Amino acid sequence: MNIVQSLRHHYFSTCKKYVLFQLLTIILAFSKPSFIEGAHSRRAPTTPRRISSTQSISKYDRSITMFNTDGRLLQVDYASKCSARVGQALAFSIHDGIAIIAVERSNTGGVQRPNNVHRIDSHILLFNTGLAGDGQALASNIRQNCQQHTLNFGEKSSVKNVATEMIGMNLNHAFTMMKGSRPFGVTSTIVGVDDCDVIGKTKSCRIFQCESGGVVQEFKFGGAGRFRDDVTNGLDNYEQQAAAISLEVTIERVAKSILDSLDNEESKNKPFTEEESHNEKGEAISLVDIYAVFPDNESRGGVCIQCAKAVDKNNLSLVSTLFTAK
C-alpha cells in the first residue's frame, strides 16, 4: 500500500512540473523578451544632442597635431593671423641685385622697441613680423644652426638652405607635428647673398619668406605683417615696369607702400606725446626704417648693409641719395 501511494505521489508531482514547464514555455513564447533591453534596462534612454559650431571647433584647436573636418590645422591658421595683426608692416623689393626693405617704425613714446631685425650670419638678415619673443627665439636657434653648419662643412650655409631647411623644415614645420608645442607666431623674411660664386651668374640678393606652417617661397617683391595685401598689390602695379625704373624710384615706392597704408589708418587721429614724431598740426607722423642690402666683397661676409632710421615722406629723396652714393 505504501508503494502504491508513493508511486501515485511521484506521478502527480511529475505531472505538475510538466504542466508548469509547458505554461512557462507558452508565456515566454508570447512575451518575446529582448535580452538587449534587459541588459540595459537600468540605463536611461538618451536622445541625440546637437553640437554647436563653436563646440565642434574647440575640440580641434586644442591640439596642434589634429586636423579639423576641413583638413586644416587651426593652430597654424591662428599663428598666421597673429603675425598679420601684431606684426609691423614690412615691404621689400629687389632692383638689379639690390634688396630694399622698409619696416614700419612704431611711435612708442620713448620706450625701447623690440628688435625684429636679426643678423643670423655674416651674409644673411632675418626680418620677423609678429610676436617679438617668438622672433628672438627663432633667430637665436637659426644663428646656432648656421654656426654649426660652418663648423661641420667648412663653408657658410646658402640663403636657400637657411630658409627651406633650417627655418621651414627643422623648426616651423616640425613644430606643427609635436604635441605640447605651438607654431611660431611670426612670418620670417630672409634676405641675403650667397657666399659662394655661381658659375655664369653674378652675386645678387635673394629674398625668401617662411610662414608659420613651414611654407617657404622666394619673392622678388612682397610684404608681411600689417597691410600685407595692400603693400603687395601696390608693389605689383609697377613691378612689371621694374626694368625701366631706377633705384631711387624703387626705394620711394617700397617706402610709400607702407607710409600710405599707415596714413590711411583710422588710429592716426590719436593725440601725440612729446617723445613722438609729429607735424605742425599735432598729428603723429608715419615713419619707416629702410634697409639696403647688396653684394660687396670689401664688406663683412661679402654683403653691405645700409640702414636709414625714422624716414618719413619728406626725406625719402635724401635716402635715395645716401644709398646710391655708396
# chains A, B, ... in the order shown; residues from 1 in each chain; ligands from 1

$ residues_around --residues "A:Asn314" --least-positions-apart "3" --cutoff "12 Å" --atoms "only C-alpha atoms" --output "list of chain:residue names"
A:Glu252, A:Ala255, A:Lys256, A:Leu259, A:Asn279, A:Ile285, A:Ser286, A:Leu287, A:Val288, A:Ala310, A:Val311, A:Ser317, A:Leu318, A:Val319

$ write_last_selection --atoms "N, CA and C atoms" --output "JSON list (two decimals), in the first residue's frame"
[["chain", "number", "residue", "atom", "x", "y", "z"],
["A", 252, "GLU", "N", 61.55, 104.74, -53.13],
["A", 252, "GLU", "CA", 60.37, 105.54, -52.80],
["A", 252, "GLU", "C", 59.09, 104.72, -52.86],
["A", 255, "ALA", "N", 58.94, 102.34, -49.76],
["A", 255, "ALA", "CA", 58.65, 103.06, -48.51],
["A", 255, "ALA", "C", 57.23, 103.63, -48.50],
["A", 256, "LYS", "N", 56.79, 104.16, -49.64],
["A", 256, "LYS", "CA", 55.45, 104.75, -49.68],
["A", 256, "LYS", "C", 54.35, 103.70, -49.60],
["A", 259, "LEU", "N", 53.95, 103.74, -45.92],
["A", 259, "LEU", "CA", 53.55, 105.04, -45.39],
["A", 259, "LEU", "C", 52.12, 105.39, -45.79],
["A", 279, "ASN", "N", 53.75, 116.46, -36.68],
["A", 279, "ASN", "CA", 53.84, 117.61, -37.56],
["A", 279, "ASN", "C", 53.28, 118.84, -36.86],
["A", 285, "ILE", "N", 53.38, 111.37, -37.14],
["A", 285, "ILE", "CA", 53.92, 111.14, -38.47],
["A", 285, "ILE", "C", 54.28, 109.67, -38.61],
["A", 286, "SER", "N", 53.94, 109.09, -39.73],
["A", 286, "SER", "CA", 54.30, 107.71, -40.01],
["A", 286, "SER", "C", 55.78, 107.64, -40.39],
["A", 287, "LEU", "N", 56.50, 106.68, -39.79],
["A", 287, "LEU", "CA", 57.92, 106.54, -40.01],
["A", 287, "LEU", "C", 58.24, 105.10, -40.40],
["A", 288, "VAL", "N", 59.30, 104.95, -41.19],
["A", 288, "VAL", "CA", 59.79, 103.63, -41.58],
["A", 288, "VAL", "C", 61.30, 103.61, -41.47],
["A", 310, "ALA", "N", 64.03, 106.09, -39.11],
["A", 310, "ALA", "CA", 62.99, 107.11, -38.90],
["A", 310, "ALA", "C", 62.83, 108.00, -40.13],
["A", 311, "VAL", "N", 62.46, 107.40, -41.25],
["A", 311, "VAL", "CA", 62.28, 108.12, -42.50],
["A", 311, "VAL", "C", 60.79, 108.38, -42.72],
["A", 317, "SER", "N", 63.81, 111.39, -50.60],
["A", 317, "SER", "CA", 64.81, 111.69, -51.65],
["A", 317, "SER", "C", 66.21, 111.67, -51.09],
["A", 318, "LEU", "N", 66.39, 112.08, -49.82],
["A", 318, "LEU", "CA", 67.72, 112.06, -49.20],
["A", 318, "LEU", "C", 68.20, 110.63, -48.99],
["A", 319, "VAL", "N", 67.27, 109.72, -48.70],
["A", 319, "VAL", "CA", 67.65, 108.33, -48.50],
["A", 319, "VAL", "C", 68.16, 107.74, -49.81]]

$ select_by_dssp --residues "stretch 87-156 of chain A" --states "strand (DSSP E)" --output "MDAnalysis selection string"
chainID A and resid 90:95 98:105 117:121 124:130

$ closest_residue --among "A:Cys304, A:Leu262, A:Ile120, A:Ala84" --to "A:Ala224" --atoms "only C-alpha atoms"
A:Ala84

$ residues_around --residues "A:Val159" --least-positions-apart "6" --cutoff "7 Å" --atoms "only C-alpha atoms" --output "list in words"
Ile124, Gly192, Val193 and Asp194 of chain A

$ write_last_selection --atoms "N, CA and C atoms" --output "short mmCIF file (atom, residue, chain, number, x, y, z; two decimals), in the first residue's frame"
data_model
loop_
_atom_site.label_atom_id
_atom_site.label_comp_id
_atom_site.auth_asym_id
_atom_site.auth_seq_id
_atom_site.Cartn_x
_atom_site.Cartn_y
_atom_site.Cartn_z
N ILE A 124 73.47 87.04 -44.07
CA ILE A 124 72.03 86.83 -44.05
C ILE A 124 71.39 87.69 -42.97
N GLY A 192 69.55 87.78 -48.08
CA GLY A 192 70.99 87.53 -48.02
C GLY A 192 71.60 87.34 -49.38
N VAL A 193 72.92 87.19 -49.37
CA VAL A 193 73.71 86.96 -50.58
C VAL A 193 74.52 85.70 -50.34
N ASP A 194 74.48 84.77 -51.28
CA ASP A 194 75.23 83.53 -51.14
C ASP A 194 76.73 83.83 -51.15
#

$ closest_residue --among "A:Val186, A:Ile101, A:Ile167, A:Ala308" --to "A:Ala79" --atoms "only C-alpha atoms"
A:Val186

$ atom_distance --atom1 "atom CA of A:Leu125" --atom2 "atom CA of A:His95"
17.4 Å

$ closest_atom_pairs --of "stretch 120-200 of chain A" --to "stretch 85-91 of chain A" --cutoff "9 Å" --atoms "only C-alpha atoms" --output "Markdown table"
| residue | atom | partner | partner_atom | distance |
| --- | --- | --- | --- | --- |
| A:Phe127 | CA | A:Leu90 | CA | 8.6 |
| A:Asn128 | CA | A:Gly87 | CA | 7.9 |
| A:Thr129 | CA | A:Gly87 | CA | 4.2 |
| A:Gly130 | CA | A:Gly87 | CA | 3.7 |
| A:Leu131 | CA | A:Val86 | CA | 6.7 |
| A:Ala132 | CA | A:Gly87 | CA | 8.5 |
| A:Val186 | CA | A:Gly87 | CA | 7.5 |
| A:Thr187 | CA | A:Gly87 | CA | 8.3 |

$ atom_distance --atom1 "atom CA of A:Asp312" --atom2 "atom CA of A:Tyr291"
14.0 Å

$ select_by_dssp --residues "stretch 122-277 of chain A" --states "alpha helix (DSSP H)" --output "mmCIF file with N, CA and C atoms, in the first residue's frame"
data_model
loop_
_atom_site.group_PDB
_atom_site.id
_atom_site.type_symbol
_atom_site.label_atom_id
_atom_site.label_comp_id
_atom_site.auth_asym_id
_atom_site.auth_seq_id
_atom_site.Cartn_x
_atom_site.Cartn_y
_atom_site.Cartn_z
ATOM 1 N N ALA A 132 57.344 89.355 -30.849
ATOM 2 C CA ALA A 132 58.781 89.645 -30.726
ATOM 3 C C ALA A 132 59.517 88.518 -30.018
ATOM 4 N N GLY A 133 58.918 87.929 -28.984
ATOM 5 C CA GLY A 133 59.584 86.838 -28.270
ATOM 6 C C GLY A 133 59.804 85.624 -29.139
ATOM 7 N N ASP A 134 58.802 85.268 -29.947
ATOM 8 C CA ASP A 134 58.964 84.139 -30.864
ATOM 9 C C ASP A 134 60.043 84.435 -31.901
ATOM 10 N N GLY A 135 60.082 85.667 -32.367
ATOM 11 C CA GLY A 135 61.092 86.027 -33.354
ATOM 12 C C GLY A 135 62.503 85.955 -32.808
ATOM 13 N N GLN A 136 62.707 86.382 -31.558
ATOM 14 C CA GLN A 136 64.037 86.313 -30.960
ATOM 15 C C GLN A 136 64.463 84.867 -30.708
ATOM 16 N N ALA A 137 63.514 84.028 -30.265
ATOM 17 C CA ALA A 137 63.843 82.618 -30.069
ATOM 18 C C ALA A 137 64.184 81.942 -31.391
ATOM 19 N N LEU A 138 63.442 82.271 -32.438
ATOM 20 C CA LEU A 138 63.716 81.705 -33.757
ATOM 21 C C LEU A 138 65.075 82.145 -34.270
ATOM 22 N N ALA A 139 65.402 83.436 -34.127
ATOM 23 C CA ALA A 139 66.683 83.947 -34.609
ATOM 24 C C ALA A 139 67.855 83.321 -33.857
ATOM 25 N N SER A 140 67.711 83.150 -32.538
ATOM 26 C CA SER A 140 68.785 82.537 -31.758
ATOM 27 C C SER A 140 69.038 81.102 -32.192
ATOM 28 N N ASN A 141 67.985 80.369 -32.447
ATOM 29 C CA ASN A 141 68.134 78.977 -32.880
ATOM 30 C C ASN A 141 68.787 78.897 -34.251
ATOM 31 N N ILE A 142 68.364 79.731 -35.172
ATOM 32 C CA ILE A 142 68.925 79.713 -36.522
ATOM 33 C C ILE A 142 70.388 80.147 -36.501
ATOM 34 N N ARG A 143 70.720 81.117 -35.661
ATOM 35 C CA ARG A 143 72.108 81.569 -35.572
ATOM 36 C C ARG A 143 73.028 80.427 -35.108
ATOM 37 N N GLN A 144 72.582 79.635 -34.155
ATOM 38 C CA GLN A 144 73.367 78.486 -33.710
ATOM 39 C C GLN A 144 73.493 77.430 -34.806
ATOM 40 N N ASN A 145 72.416 77.216 -35.552
ATOM 41 C CA ASN A 145 72.473 76.243 -36.648
ATOM 42 C C ASN A 145 73.441 76.679 -37.746
ATOM 43 N N CYS A 146 73.483 77.976 -38.035
ATOM 44 C CA CYS A 146 74.421 78.476 -39.042
ATOM 45 C C CYS A 146 75.873 78.286 -38.586
ATOM 46 N N GLN A 147 76.125 78.544 -37.321
ATOM 47 C CA GLN A 147 77.480 78.337 -36.805
ATOM 48 C C GLN A 147 77.868 76.860 -36.831
ATOM 49 N N GLN A 148 76.910 75.987 -36.509
ATOM 50 C CA GLN A 148 77.187 74.559 -36.541
ATOM 51 C C GLN A 148 77.429 74.073 -37.965
ATOM 52 N N HIS A 149 76.697 74.635 -38.936
ATOM 53 C CA HIS A 149 76.902 74.267 -40.341
ATOM 54 C C HIS A 149 78.294 74.672 -40.801
ATOM 55 N N THR A 150 78.749 75.858 -40.429
ATOM 56 C CA THR A 150 80.091 76.308 -40.808
ATOM 57 C C THR A 150 81.162 75.441 -40.171
ATOM 58 N N LEU A 151 80.937 75.018 -38.920
ATOM 59 C CA LEU A 151 81.909 74.173 -38.228
ATOM 60 C C LEU A 151 81.977 72.781 -38.843
ATOM 61 N N ASN A 152 80.835 72.254 -39.288
ATOM 62 C CA ASN A 152 80.806 70.884 -39.823
ATOM 63 C C ASN A 152 81.326 70.797 -41.251
ATOM 64 N N PHE A 153 80.976 71.785 -42.102
ATOM 65 C CA PHE A 153 81.266 71.685 -43.529
ATOM 66 C C PHE A 153 82.337 72.660 -44.004
ATOM 67 N N VAL A 159 71.611 80.924 -48.633
ATOM 68 C CA VAL A 159 70.384 81.590 -48.206
ATOM 69 C C VAL A 159 69.192 80.648 -48.349
ATOM 70 N N LYS A 160 69.165 79.892 -49.433
ATOM 71 C CA LYS A 160 68.061 78.954 -49.644
ATOM 72 C C LYS A 160 68.059 77.854 -48.601
ATOM 73 N N ASN A 161 69.225 77.365 -48.216
ATOM 74 C CA ASN A 161 69.298 76.304 -47.215
ATOM 75 C C ASN A 161 68.808 76.796 -45.851
ATOM 76 N N ARG A 228 49.578 93.645 -45.407
ATOM 77 C CA ARG A 228 50.338 92.805 -46.324
ATOM 78 C C ARG A 228 49.709 92.799 -47.712
ATOM 79 N N ASP A 229 48.410 92.658 -47.784
ATOM 80 C CA ASP A 229 47.744 92.625 -49.089
ATOM 81 C C ASP A 229 47.847 93.962 -49.796
ATOM 82 N N ASP A 230 47.666 95.057 -49.051
ATOM 83 C CA ASP A 230 47.749 96.389 -49.664
ATOM 84 C C ASP A 230 49.155 96.664 -50.189
ATOM 85 N N VAL A 231 50.150 96.279 -49.409
ATOM 86 C CA VAL A 231 51.536 96.512 -49.830
ATOM 87 C C VAL A 231 51.870 95.691 -51.071
ATOM 88 N N THR A 232 51.473 94.423 -51.072
ATOM 89 C CA THR A 232 51.775 93.561 -52.218
ATOM 90 C C THR A 232 51.078 94.041 -53.478
ATOM 91 N N ASN A 233 49.823 94.449 -53.353
ATOM 92 C CA ASN A 233 49.102 94.949 -54.527
ATOM 93 C C ASN A 233 49.702 96.250 -55.036
ATOM 94 N N GLY A 234 50.157 97.108 -54.117
ATOM 95 C CA GLY A 234 50.774 98.358 -54.548
ATOM 96 C C GLY A 234 52.085 98.145 -55.278
ATOM 97 N N LEU A 235 52.891 97.182 -54.817
ATOM 98 C CA LEU A 235 54.157 96.906 -55.498
ATOM 99 C C LEU A 235 53.943 96.162 -56.803
ATOM 100 N N ASP A 236 52.871 95.401 -56.893
ATOM 101 C CA ASP A 236 52.603 94.636 -58.112
ATOM 102 C C ASP A 236 52.256 95.544 -59.276
ATOM 103 N N ASN A 237 51.749 96.716 -58.975
ATOM 104 C CA ASN A 237 51.327 97.623 -60.044
ATOM 105 C C ASN A 237 52.499 98.135 -60.879
ATOM 106 N N TYR A 238 53.674 98.268 -60.279
ATOM 107 C CA TYR A 238 54.816 98.793 -61.029
ATOM 108 C C TYR A 238 55.934 97.772 -61.212
ATOM 109 N N GLU A 239 55.756 96.556 -60.691
ATOM 110 C CA GLU A 239 56.805 95.554 -60.831
ATOM 111 C C GLU A 239 56.991 95.129 -62.281
ATOM 112 N N LEU A 247 66.744 102.935 -59.167
ATOM 113 C CA LEU A 247 66.816 102.529 -57.771
ATOM 114 C C LEU A 247 66.145 103.554 -56.865
ATOM 115 N N GLU A 248 66.276 104.828 -57.202
ATOM 116 C CA GLU A 248 65.641 105.857 -56.380
ATOM 117 C C GLU A 248 64.128 105.693 -56.355
ATOM 118 N N VAL A 249 63.553 105.402 -57.500
ATOM 119 C CA VAL A 249 62.108 105.215 -57.570
ATOM 120 C C VAL A 249 61.691 103.957 -56.817
ATOM 121 N N THR A 250 62.507 102.901 -56.882
ATOM 122 C CA THR A 250 62.196 101.663 -56.164
ATOM 123 C C THR A 250 62.158 101.906 -54.657
ATOM 124 N N ILE A 251 63.128 102.670 -54.155
ATOM 125 C CA ILE A 251 63.156 102.968 -52.720
ATOM 126 C C ILE A 251 61.913 103.760 -52.314
ATOM 127 N N GLU A 252 61.545 104.736 -53.133
ATOM 128 C CA GLU A 252 60.372 105.544 -52.803
ATOM 129 C C GLU A 252 59.091 104.720 -52.863
ATOM 130 N N ARG A 253 58.970 103.855 -53.845
ATOM 131 C CA ARG A 253 57.760 103.044 -53.966
ATOM 132 C C ARG A 253 57.623 102.069 -52.788
ATOM 133 N N VAL A 254 58.731 101.444 -52.411
ATOM 134 C CA VAL A 254 58.675 100.486 -51.307
ATOM 135 C C VAL A 254 58.313 101.192 -50.003
ATOM 136 N N ALA A 255 58.939 102.345 -49.755
ATOM 137 C CA ALA A 255 58.648 103.064 -48.511
ATOM 138 C C ALA A 255 57.228 103.628 -48.504
ATOM 139 N N LYS A 256 56.792 104.159 -49.636
ATOM 140 C CA LYS A 256 55.455 104.752 -49.682
ATOM 141 C C LYS A 256 54.355 103.701 -49.605
ATOM 142 N N SER A 257 54.645 102.472 -50.002
ATOM 143 C CA SER A 257 53.622 101.429 -49.899
ATOM 144 C C SER A 257 53.216 101.207 -48.440
ATOM 145 N N ILE A 258 54.152 101.416 -47.518
ATOM 146 C CA ILE A 258 53.828 101.317 -46.089
ATOM 147 C C ILE A 258 53.307 102.636 -45.549
ATOM 148 N N LEU A 259 53.948 103.738 -45.917
ATOM 149 C CA LEU A 259 53.547 105.040 -45.385
ATOM 150 C C LEU A 259 52.121 105.391 -45.785
ATOM 151 N N ASP A 260 51.734 105.087 -47.023
ATOM 152 C CA ASP A 260 50.360 105.382 -47.450
ATOM 153 C C ASP A 260 49.354 104.543 -46.665
ATOM 154 N N SER A 261 49.683 103.285 -46.397
ATOM 155 C CA SER A 261 48.773 102.442 -45.620
ATOM 156 C C SER A 261 48.655 102.929 -44.185
ATOM 157 N N LEU A 262 49.759 103.410 -43.621
ATOM 158 C CA LEU A 262 49.718 103.937 -42.257
ATOM 159 C C LEU A 262 48.932 105.232 -42.180
ATOM 160 N N ASP A 263 49.057 106.068 -43.187
ATOM 161 C CA ASP A 263 48.319 107.336 -43.185
ATOM 162 C C ASP A 263 46.826 107.110 -43.318
#

$ closest_residue --among "A:Gln22, A:Asp96, A:Cys307, A:Asp289" --to "A:Ile245" --atoms "only C-alpha atoms"
A:Asp96

$ closest_residue --among "A:Ser212, A:Thr164, A:Asn297, A:Asn264" --to "A:Lys81" --atoms "only C-alpha atoms"
A:Ser212

$ atom_distance --atom1 "atom CA of A:Val191" --atom2 "atom CA of A:Asp296"
14.7 Å

$ closest_residue --among "A:Thr176, A:Thr25, A:Asn315, A:Ser63" --to "A:Ile290" --atoms "only C-alpha atoms"
A:Asn315

$ residues_around --residues "A:Pro295" --least-positions-apart "6" --cutoff "8 Å" --atoms "only C-alpha atoms" --output "ChimeraX atom specification"
/A:97-98,193,203-205,302-304

$ closest_residue --among "A:Ser122, A:Asn116, A:Ser80, A:Ser93" --to "A:Gly185" --atoms "only C-alpha atoms"
A:Ser80
